[in-house]
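Shown here: data_26.cif, mmCIF, C-alpha atoms.
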```cif
data_final
#
loop_
_atom_site.label_atom_id
_atom_site.label_comp_id
_atom_site.auth_asym_id
_atom_site.auth_seq_id
_atom_site.Cartn_x
_atom_site.Cartn_y
_atom_site.Cartn_z
CA MET A 152 0.70 -53.70 -1.03
CA ILE A 153 3.65 -51.46 -1.95
CA ASN A 154 2.56 -50.92 -5.59
CA THR A 155 -0.30 -48.56 -4.73
CA PRO A 156 -1.30 -45.88 -7.29
CA PHE A 157 0.45 -43.20 -5.22
CA TYR A 158 3.69 -45.24 -4.95
CA ILE A 159 3.72 -45.93 -8.68
CA ALA A 160 3.08 -42.24 -9.47
CA LYS A 161 5.95 -41.22 -7.17
CA ARG A 162 8.26 -43.76 -8.81
CA TYR A 163 7.37 -42.39 -12.25
CA LEU A 164 8.22 -38.85 -11.09
CA TRP A 165 11.50 -39.55 -9.27
CA SER A 166 12.67 -42.51 -11.34
CA LYS A 167 16.45 -42.72 -11.56
CA GLY A 168 16.29 -44.58 -14.81
CA LYS A 169 16.97 -43.13 -18.21
CA ARG A 170 16.07 -39.52 -18.80
CA ASN A 171 13.69 -39.10 -21.74
CA ILE A 172 11.44 -36.40 -23.10
CA VAL A 173 8.64 -37.28 -20.65
CA THR A 174 10.96 -36.82 -17.67
CA LEU A 175 12.22 -33.53 -19.10
CA ILE A 176 8.69 -32.16 -19.60
CA SER A 177 7.74 -33.24 -16.06
CA ARG A 178 10.72 -31.31 -14.66
CA ILE A 179 9.83 -28.29 -16.79
CA SER A 180 6.24 -28.45 -15.49
CA LEU A 181 7.48 -28.59 -11.89
CA PHE A 182 9.89 -25.71 -12.53
CA GLY A 183 7.16 -23.59 -14.14
CA VAL A 184 4.77 -24.08 -11.21
CA MET A 185 7.59 -23.24 -8.79
CA ILE A 186 8.59 -20.00 -10.54
CA ILE A 187 5.02 -18.68 -10.90
CA THR A 188 4.22 -19.50 -7.26
CA ALA A 189 7.40 -17.74 -6.13
CA ALA A 190 6.56 -14.74 -8.33
CA LEU A 191 3.09 -14.52 -6.75
CA VAL A 192 4.62 -14.50 -3.26
CA VAL A 193 7.25 -11.87 -4.09
CA LEU A 194 4.97 -9.52 -6.04
CA LEU A 195 2.04 -9.64 -3.62
CA SER A 196 4.40 -9.07 -0.69
CA ALA A 197 5.94 -6.14 -2.57
CA PHE A 198 2.50 -4.63 -3.22
CA ASN A 199 1.71 -5.05 0.49
CA GLY A 200 4.87 -3.11 1.26
CA ILE A 201 3.98 -0.37 -1.22
CA GLU A 202 0.46 -0.07 0.23
CA LYS A 203 1.85 0.20 3.74
CA MET A 204 4.38 2.82 2.64
CA ILE A 205 1.66 4.83 0.86
CA GLU A 206 -0.56 4.56 3.92
CA GLN A 207 2.20 5.89 6.14
CA LEU A 208 3.17 8.71 3.80
CA TYR A 209 -0.37 9.93 3.15
CA SER A 210 -2.25 8.87 6.25
CA GLU A 211 0.21 10.34 8.73
CA PHE A 212 0.04 13.82 7.22
CA ASP A 213 -3.72 13.58 6.76
CA PRO A 214 -5.47 13.13 10.12
CA GLN A 215 -7.58 10.04 10.70
CA ILE A 216 -10.80 12.11 10.45
CA THR A 217 -11.34 15.57 8.96
CA ILE A 218 -14.42 17.76 9.39
CA GLN A 219 -15.14 20.70 7.09
CA HIS A 220 -18.16 22.70 6.01
CA ALA A 221 -20.13 21.18 3.15
CA GLN A 222 -20.63 24.50 1.29
CA ARG A 223 -18.19 27.07 2.65
CA LYS A 224 -14.41 27.30 2.76
CA THR A 225 -14.47 28.44 6.38
CA PHE A 226 -16.95 28.33 9.27
CA PHE A 227 -17.19 29.86 12.73
CA GLU A 228 -16.04 27.88 15.73
CA ASN A 229 -19.38 28.30 17.51
CA GLU A 230 -21.07 26.29 14.73
CA ILE A 231 -19.46 23.18 16.23
CA ASN A 232 -19.93 21.85 19.75
CA PHE A 233 -16.32 20.99 20.58
CA SER A 234 -17.23 19.49 23.96
CA ASP A 235 -19.56 17.07 22.18
CA LEU A 236 -16.79 16.21 19.70
CA ARG A 237 -14.29 15.45 22.45
CA SER A 238 -16.81 13.25 24.28
CA THR A 239 -17.40 11.05 21.21
CA PRO A 240 -16.10 7.52 21.87
CA GLY A 241 -12.69 6.95 20.31
CA ILE A 242 -11.65 10.62 19.93
CA GLN A 243 -8.18 11.30 21.27
CA HIS A 244 -7.29 14.81 20.06
CA VAL A 245 -9.32 17.60 18.43
CA SER A 246 -7.37 20.35 16.65
CA LYS A 247 -8.37 23.31 14.51
CA GLN A 248 -6.92 24.23 11.14
CA VAL A 249 -6.93 27.14 8.70
CA GLU A 250 -5.88 26.68 5.10
CA GLU A 251 -4.99 29.18 2.39
CA ILE A 252 -3.12 29.40 -0.90
CA VAL A 253 -0.15 31.74 -0.41
CA VAL A 254 2.98 32.95 -2.19
CA LEU A 255 6.43 32.44 -0.69
CA ARG A 256 9.53 34.46 -1.50
CA HIS A 257 13.15 33.82 -0.65
CA GLU A 258 15.60 36.25 -2.21
CA GLN A 259 14.65 36.16 -5.93
CA LYS A 260 12.61 32.94 -5.81
CA TRP A 261 8.79 33.12 -5.78
CA ILE A 262 6.67 29.97 -5.38
CA ASN A 263 3.01 29.21 -4.66
CA ALA A 264 2.31 27.06 -1.62
CA THR A 265 -0.52 25.84 0.59
CA LEU A 266 -0.49 27.23 4.10
CA TYR A 267 -1.73 24.90 6.86
CA GLY A 268 -2.24 26.71 10.15
CA VAL A 269 -2.43 23.97 12.77
CA GLU A 270 -2.27 23.43 16.52
CA LYS A 271 0.58 21.70 18.31
CA ASN A 272 -1.47 18.52 18.88
CA TYR A 273 -1.58 17.94 15.14
CA LEU A 274 2.22 17.81 14.88
CA LYS A 275 2.31 15.04 17.46
CA ASP A 276 -0.50 13.11 15.75
CA CYS A 277 1.22 13.22 12.33
CA HIS A 278 4.57 12.16 13.88
CA LEU A 279 6.27 15.21 12.42
CA SER A 280 9.54 14.58 14.27
CA LYS A 281 10.33 11.41 12.29
CA HIS A 282 9.56 13.13 8.96
CA LEU A 283 11.96 16.07 9.44
CA ILE A 284 15.11 16.19 7.31
CA ASN A 285 18.13 15.50 9.53
CA GLY A 286 15.86 15.98 12.55
CA TYR A 287 16.20 19.78 12.41
CA GLY A 288 13.30 21.48 14.23
CA ALA A 289 12.13 18.35 16.03
CA SER A 290 11.59 20.17 19.32
CA ASP A 291 10.89 23.71 18.09
CA PHE A 292 7.11 23.29 18.18
CA GLN A 293 7.01 22.72 21.94
CA ASP A 294 6.54 26.46 22.64
CA GLY A 295 3.54 26.59 20.28
CA HIS A 296 5.26 28.66 17.57
CA PHE A 297 6.67 26.86 14.54
CA ALA A 298 7.01 26.84 10.75
CA TYR A 299 7.96 23.87 8.54
CA LEU A 300 8.32 23.70 4.75
CA GLY A 301 8.02 20.72 2.42
CA ALA A 302 11.47 19.41 1.52
CA ASP A 303 11.14 20.02 -2.24
CA LEU A 304 9.62 23.44 -1.65
CA MET A 305 12.56 24.46 0.54
CA GLN A 306 14.99 23.19 -2.08
CA ASN A 307 13.21 25.12 -4.86
CA LEU A 308 13.41 28.28 -2.75
CA LYS A 309 17.19 27.73 -2.44
CA MET A 310 17.01 27.66 1.34
CA ALA A 311 19.50 25.86 3.57
CA LEU A 312 18.95 23.94 6.79
CA GLY A 313 21.07 24.49 9.86
CA PRO A 314 21.11 23.33 13.48
CA THR A 315 21.08 26.86 14.92
CA GLU A 316 20.68 29.60 12.33
CA LYS A 317 17.26 29.64 10.63
CA GLU A 318 16.58 31.08 7.20
CA GLN A 319 13.50 33.19 6.71
CA VAL A 320 10.84 33.23 4.01
CA VAL A 321 8.44 36.05 3.18
CA LEU A 322 4.80 34.94 3.03
CA TYR A 323 2.14 36.78 1.01
CA ALA A 324 -1.51 35.89 1.66
CA PRO A 325 -4.51 37.48 -0.13
CA LYS A 326 -6.68 39.85 1.88
CA ARG A 327 -10.34 38.86 2.14
CA ASN A 328 -13.26 41.11 1.25
CA VAL A 329 -10.98 43.91 0.09
CA LYS A 330 -11.46 45.86 -3.12
CA ILE A 331 -8.25 46.22 -5.06
CA ARG A 332 -7.30 49.86 -5.46
CA LEU A 333 -4.32 51.58 -6.96
CA GLY A 334 -1.58 51.92 -4.40
CA LYS A 335 -3.22 49.55 -1.91
CA ALA A 336 -1.52 46.21 -1.23
CA PRO A 337 -3.86 43.23 -1.88
CA PHE A 338 -1.75 40.92 0.29
CA HIS A 339 -0.97 40.39 3.93
CA SER A 340 2.73 39.70 4.37
CA ALA A 341 4.96 38.32 7.08
CA ARG A 342 8.56 37.20 7.45
CA ILE A 343 8.74 33.71 8.91
CA PRO A 344 11.80 31.84 10.25
CA ILE A 345 11.68 28.22 9.05
CA ASP A 346 12.36 25.57 11.71
CA GLY A 347 12.79 22.56 9.41
CA ALA A 348 11.93 20.69 6.22
CA MET A 349 9.31 17.91 6.04
CA ASN A 350 9.50 14.72 4.00
CA PHE A 351 6.02 13.13 3.79
CA ASN A 352 4.87 12.56 0.21
CA GLN A 353 5.32 14.24 -3.15
CA GLU A 354 2.32 16.54 -2.77
CA VAL A 355 3.28 17.75 0.71
CA ASN A 356 6.98 18.00 -0.10
CA ALA A 357 6.33 20.14 -3.18
CA GLY A 358 3.90 22.69 -1.78
CA ALA A 359 3.13 22.65 1.96
CA LEU A 360 3.89 25.17 4.68
CA ILE A 361 2.86 24.24 8.21
CA TRP A 362 2.58 27.27 10.50
CA ASP A 363 1.22 27.58 14.01
CA LEU A 364 -2.51 28.35 14.11
CA SER A 365 -2.39 31.57 16.11
CA SER A 366 0.15 33.20 13.77
CA ALA A 367 -1.78 32.09 10.69
CA GLU A 368 -5.08 33.43 12.08
CA ASN A 369 -3.51 36.80 12.91
CA LEU A 370 -2.02 37.19 9.44
CA LEU A 371 -5.14 36.05 7.56
CA GLY A 372 -7.50 38.06 9.75
CA TYR A 373 -9.56 35.05 10.83
CA ASP A 374 -11.68 35.92 13.86
CA HIS A 375 -12.78 32.60 15.42
CA GLU A 376 -12.97 31.14 11.91
CA ILE A 377 -11.46 27.83 10.86
CA SER A 378 -11.22 25.81 7.67
CA LYS A 379 -11.19 22.27 9.08
CA ILE A 380 -11.17 20.25 12.27
CA TYR A 381 -8.67 17.43 12.63
CA LEU A 382 -9.47 14.42 14.80
CA SER A 383 -7.12 11.66 15.92
CA LEU A 384 -8.40 8.38 17.34
CA LYS A 385 -7.48 6.26 20.30
CA PRO A 386 -5.88 2.88 19.48
CA GLY A 387 -8.37 0.14 18.66
CA PHE A 388 -11.13 2.35 17.25
CA ASN A 389 -12.30 2.08 13.65
CA ALA A 390 -12.14 5.38 11.73
CA GLN A 391 -15.15 4.53 9.55
CA GLU A 392 -17.37 3.74 12.55
CA VAL A 393 -16.38 6.93 14.41
CA LYS A 394 -16.89 8.93 11.22
CA GLU A 395 -20.48 7.68 10.90
CA ILE A 396 -21.22 8.66 14.51
CA LEU A 397 -19.85 12.16 13.91
CA GLN A 398 -21.70 12.55 10.60
CA ASN A 399 -25.00 11.75 12.32
CA LYS A 400 -24.24 14.29 15.04
CA LEU A 401 -23.24 17.10 12.66
CA GLY A 402 -25.74 16.43 9.89
CA LYS A 403 -24.95 15.37 6.36
CA ASN A 404 -26.04 18.60 4.68
CA GLN A 405 -24.03 21.05 6.79
CA PHE A 406 -20.70 19.36 7.46
CA SER A 407 -18.60 16.83 5.57
CA VAL A 408 -16.77 14.18 7.60
CA LYS A 409 -14.07 12.12 5.86
CA THR A 410 -11.50 9.55 6.92
CA ASN A 411 -7.92 9.77 5.65
CA VAL A 412 -8.59 6.80 3.36
CA GLU A 413 -11.56 8.59 1.78
CA LYS A 414 -9.49 11.76 1.26
CA ASN A 415 -6.86 9.73 -0.63
CA GLU A 416 -9.32 7.24 -2.11
CA LEU A 417 -7.89 7.38 -5.64
CA ILE A 418 -4.37 6.55 -4.47
CA PHE A 419 -5.46 3.58 -2.35
CA ARG A 420 -7.85 2.26 -5.01
CA THR A 421 -5.18 2.52 -7.70
CA SER A 422 -2.74 0.54 -5.55
CA LYS A 423 -5.30 -2.20 -4.86
CA SER A 424 -6.34 -2.32 -8.54
CA GLU A 425 -2.73 -2.75 -9.66
CA ARG A 426 -2.29 -5.55 -7.14
CA LEU A 427 -5.40 -7.33 -8.43
CA VAL A 428 -4.34 -6.93 -12.07
CA VAL A 429 -0.86 -8.37 -11.36
CA PHE A 430 -2.41 -11.29 -9.47
CA ILE A 431 -4.75 -12.09 -12.39
CA ILE A 432 -1.92 -11.81 -14.95
CA LEU A 433 0.27 -14.20 -12.97
CA LEU A 434 -2.61 -16.65 -12.61
CA PHE A 435 -3.03 -16.52 -16.38
CA VAL A 436 0.69 -17.25 -16.78
CA PHE A 437 0.24 -20.11 -14.31
CA VAL A 438 -2.53 -21.51 -16.51
CA LEU A 439 -0.21 -21.36 -19.52
CA ALA A 440 2.52 -23.10 -17.52
CA ALA A 441 0.00 -25.75 -16.49
CA PHE A 442 -0.32 -26.86 -20.13
CA ASN A 443 3.15 -28.36 -19.66
CA LEU A 444 1.57 -30.47 -16.95
CA VAL A 445 -1.13 -31.63 -19.36
CA ALA A 446 1.54 -32.50 -21.96
CA SER A 447 3.59 -34.33 -19.35
CA LEU A 448 0.63 -36.46 -18.20
CA THR A 449 -0.42 -37.21 -21.79
CA MET A 450 3.05 -38.32 -22.86
CA LEU A 451 3.53 -40.31 -19.65
CA TYR A 452 0.26 -42.12 -20.33
CA VAL A 453 1.36 -42.94 -23.87
CA GLU A 454 4.80 -44.12 -22.70
CA LYS A 455 3.43 -46.27 -19.87
CA LYS A 456 0.45 -47.68 -21.81
CA GLU A 457 1.95 -51.15 -22.00
CA SER A 458 2.74 -51.15 -18.26
CA VAL A 459 -0.79 -49.97 -17.50
CA ASP A 460 -2.24 -52.73 -19.68
CA LEU A 461 -0.14 -55.26 -17.78
CA LEU A 462 -1.30 -53.89 -14.41
CA SER A 463 -4.89 -54.02 -15.59
CA ALA A 464 -4.41 -57.62 -16.71
CA ILE A 465 -3.27 -58.70 -13.24
CA GLY A 466 -6.25 -57.09 -11.55
CA MET A 467 -5.70 -53.34 -11.16
CA SER A 468 -9.00 -51.49 -11.47
CA LYS A 469 -9.68 -48.63 -13.85
CA LYS A 470 -10.00 -46.30 -10.86
CA ASP A 471 -6.50 -47.25 -9.66
CA VAL A 472 -5.08 -46.61 -13.12
CA PHE A 473 -6.77 -43.21 -13.11
CA ASN A 474 -5.28 -42.46 -9.68
CA ILE A 475 -1.73 -43.27 -10.86
CA PHE A 476 -1.72 -40.47 -13.43
CA PHE A 477 -3.86 -38.15 -11.32
CA TYR A 478 -1.42 -38.47 -8.41
CA GLU A 479 1.44 -37.93 -10.85
CA GLY A 480 -0.06 -34.53 -11.77
CA LEU A 481 -0.63 -33.66 -8.10
CA LEU A 482 2.95 -34.62 -7.22
CA ILE A 483 4.41 -32.43 -9.97
CA SER A 484 2.30 -29.42 -9.07
CA GLY A 485 2.52 -30.06 -5.30
CA TRP A 486 6.31 -30.10 -5.31
CA GLY A 487 6.29 -27.02 -7.55
CA ILE A 488 3.99 -25.13 -5.17
CA LEU A 489 6.03 -26.12 -2.09
CA LEU A 490 9.38 -25.18 -3.65
CA GLY A 491 7.83 -21.98 -5.04
CA LEU A 492 6.60 -20.91 -1.60
CA ILE A 493 10.03 -21.62 -0.11
CA LEU A 494 11.78 -19.71 -2.91
CA GLY A 495 9.33 -16.76 -2.80
CA TYR A 496 9.48 -16.27 0.94
CA GLY A 497 13.25 -16.82 0.86
CA VAL A 498 13.66 -13.97 -1.66
CA GLY A 499 11.33 -11.80 0.44
CA LEU A 500 13.29 -12.45 3.65
CA LEU A 501 16.53 -11.70 1.82
CA GLN A 502 15.10 -8.36 0.68
CA LEU A 503 13.91 -7.56 4.21
CA ASN A 504 17.29 -8.28 5.79
CA VAL A 505 19.72 -7.23 3.07
CA GLY A 506 17.75 -4.77 0.91
CA LEU A 507 18.99 -5.94 -2.49
CA LEU A 508 16.49 -3.80 -4.41
CA ARG A 509 16.08 -0.09 -3.65
CA ILE A 510 13.40 2.36 -4.75
CA PRO A 511 14.82 4.62 -7.50
CA GLY A 512 15.14 8.22 -6.36
CA ALA A 513 14.25 7.51 -2.74
CA ASN A 514 17.31 5.32 -2.04
CA ILE A 515 15.42 3.16 0.46
CA PRO A 516 14.99 -0.64 0.37
CA PHE A 517 11.96 -1.85 -1.54
CA PRO A 518 9.34 -2.62 1.15
CA ILE A 519 8.17 -6.21 1.69
CA VAL A 520 5.23 -7.19 3.93
CA PHE A 521 4.09 -10.79 4.41
CA THR A 522 0.49 -11.63 5.31
CA TRP A 523 -1.25 -14.87 6.19
CA PHE A 524 -4.03 -13.95 3.76
CA ASP A 525 -1.57 -13.92 0.84
CA LEU A 526 -0.16 -17.31 1.85
CA PHE A 527 -3.66 -18.76 2.08
CA SER A 528 -4.95 -17.20 -1.19
CA ILE A 529 -1.83 -18.17 -3.21
CA THR A 530 -1.79 -21.74 -1.90
CA LEU A 531 -5.53 -22.20 -2.39
CA THR A 532 -5.62 -20.69 -5.89
CA VAL A 533 -2.63 -22.51 -7.38
CA SER A 534 -3.65 -25.76 -5.67
CA ALA A 535 -7.15 -25.53 -7.14
CA LEU A 536 -5.79 -24.85 -10.63
CA SER A 537 -3.30 -27.72 -10.27
CA PHE A 538 -6.10 -30.05 -9.24
CA LEU A 539 -8.17 -29.09 -12.27
CA PHE A 540 -5.24 -29.46 -14.69
CA SER A 541 -4.44 -32.87 -13.23
CA TYR A 542 -7.96 -34.23 -12.95
CA PHE A 543 -9.62 -33.40 -16.26
CA PRO A 544 -6.77 -34.35 -18.68
CA VAL A 545 -6.42 -37.77 -16.97
CA ARG A 546 -10.19 -38.23 -17.02
CA ILE A 547 -10.24 -37.56 -20.76
CA LEU A 548 -7.34 -39.96 -21.32
CA MET A 549 -9.09 -42.69 -19.38
CA LYS A 550 -12.19 -42.37 -21.53
CA SER A 551 -10.10 -43.32 -24.53
CA ARG A 552 -9.26 -46.69 -23.00
#
```
Can I see the file as structure tokens?
Amino acid sequence: MINTPFYIAKRYLWSKGKRNIVTLISRISLFGVMIITAALVVLLSAFNGIEKMIEQLYSEFDPQITIQHAQRKTFFENEINFSDLRSTPGIQHVSKQVEEIVVLRHEQKWINATLYGVEKNYLKDCHLSKHLINGYGASDFQDGHFAYLGADLMQNLKMALGPTEKEQVVLYAPKRNVKIRLGKAPFHSARIPIDGAMNFNQEVNAGALIWDLSSAENLLGYDHEISKIYLSLKPGFNAQEVKEILQNKLGKNQFSVKTNVEKNELIFRTSKSERLVVFIILLFVFVLAAFNLVASLTMLYVEKKESVDLLSAIGMSKKDVFNIFFYEGLLISGWGILLGLILGYGVGLLQLNVGLLRIPGANIPFPIVFTWFDLFSITLTVSALSFLFSYFPVRILMKSR
């Protein structure tokens, strides 16, 4: 029989007859579902892109795992069994680090900065070469001696980059365990040629100086003392699992072991919270848009009441009548969801390939990342809401018969 509930519902939706208020509201309902679904796709994909960009900017500078003393700023190298560290499953590189707050001077400019004395392995692990402005200094660390400034810090010091000639900065570091006396300098000082400028994230760009470990130790007077140990992992190993193994080896009271995510926990949590809030707000807007669907089904029921009575008189069951209007709601929302997914992913692909929107100040295309999880969660959520807003209004209408 061609006049099934589904066929009748489809005919009501796509009828080529006269356009009335019911048809208009049905189209508005479909359009509303489409726009909200597309907005969910675009915004969640944009948040994925932002999260990935944040992860790259912060996680590449911060090593995958960092070890430091739980109570002291520095500790002696012999307090750690480096052979045992290197033999831990998943560990690729182990590098030492010293850290100190210093003052930098270039001509008449004086600025505070954070000195990171690191080994050459660390520069490879943080992919320094791809974060250097204009690529200057990309190979200068191969001999083990290097110095790199944050991009904003170099700009504030009024220093220029060049392919051959390197500008120098004077570094002042406080002396340890020294009583300040009249006429006695409280700072170690050194003149350092700068190999290049780094562009990682705002914090690093504004106040970081990376210097080779041996030079930093000599200036600061560190004798087999270090501030932190940086660990990089082999591909396929989970940082959290390796961290727990190391924490058990080193003891929880003496040494602190953190992953790069834990070190930047606030940033990552804020990003995920914003994503969740936006998702909830858009779902709320979807619920408001779904009231158009309720209005459309109600007015359609009123308009077609005589036709329904006629169908009932010739033998159509109450269940079939219910299905006509229920399927009508599913068709409106279903087409809206399908067109919304097509529109949303179309806009995302356009952004990926053309880069219509750019991040203010950074002048780079707004990042977009698609995931199967987003597609599944969006489709499931809006489909479930559409089902509810189609089922219960029709059920209430049928009780009035």
Worksheet item: Pick the closest to Val459 of chain A from A:Asn474, A:Thr225, A:Ser447, A:Thr522: which is it, counting all atoms listed in the file?
Response: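 Using all atoms listed in the file, the shortest distance to Val459 of chain A belongs to A:Asn474.
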Discussion item. I need the output of the PyMOL selection byres ((chain A and resi 446) around 12) for this file as a list in words; which residues are they?
Written reply: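 Taken over the shown coordinates, the PyMOL selection byres ((chain A and resi 446) around 12) returns Ile172, Val173, Thr174, Leu175, Ile176, Ser177, Arg178, Ile179, Ser180, Leu439, Ala440, Ala441, Phe442, Asn443, Leu444, Val445, Ser447, Leu448, Thr449, Met450, Leu451, Tyr452, Val453, Gly480, Phe540, Ser541, Pro544, Val545 and Leu548 of chain A.
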Discussion item. So, with all atoms listed in the file as the atoms that count, which of A:Ile284, A:Val184, A:Ile205, A:Leu191 lies closest to Leu536 of chain A?
Written reply: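 Distance minimum relative to Leu536 of chain A lands on A:Val184.
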Practice prompt. Between atom CA of Leu370 of chain A and atom CA of Asn263 of chain A, measure the distance and give it in Å to one decimal.
Written response: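 One can read the atom CA of Leu370 of chain A to atom CA of Asn263 of chain A distance as 17.0 Å.
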Item to complete: Tell me, in Å to one decimal, how far atom CA of Phe226 of chain A is from atom CA of Lys275 of chain A.
Response: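 Computing the Euclidean distance for atom CA of Phe226 of chain A and atom CA of Lys275 of chain A yields 24.8 Å.
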Worksheet item: Using all atoms listed in the file, which residues sit within 9 Å of His278 of chain A once same-chain residues fewer than 5 positions away are excluded, as a PyMOL selection string?
Response: chain A and resi 211-212+273
Worksheet item: Distance atom CA of Leu308 of chain A-atom CA of Lys260 of chain A, one decimal place?
Response: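 Going from atom CA of Leu308 of chain A over to atom CA of Lys260 of chain A, I get 5.6 Å.
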Discussion item. Running the PyMOL selection byres ((chain A and resi 323) around 8) on this model by hand, what would come out? Give it as a PyMOL selection string.
Written reply: chain A and resi 253-255+321-322+324-325+338-341
Item to complete: Return as a PyMOL selection string the set of residues that the PyMOL selection byres ((chain A and resi 495-509) around 10) yields on the displayed structure.
Response: chain A and resi 185-194+196-197+489-494+510-521+526
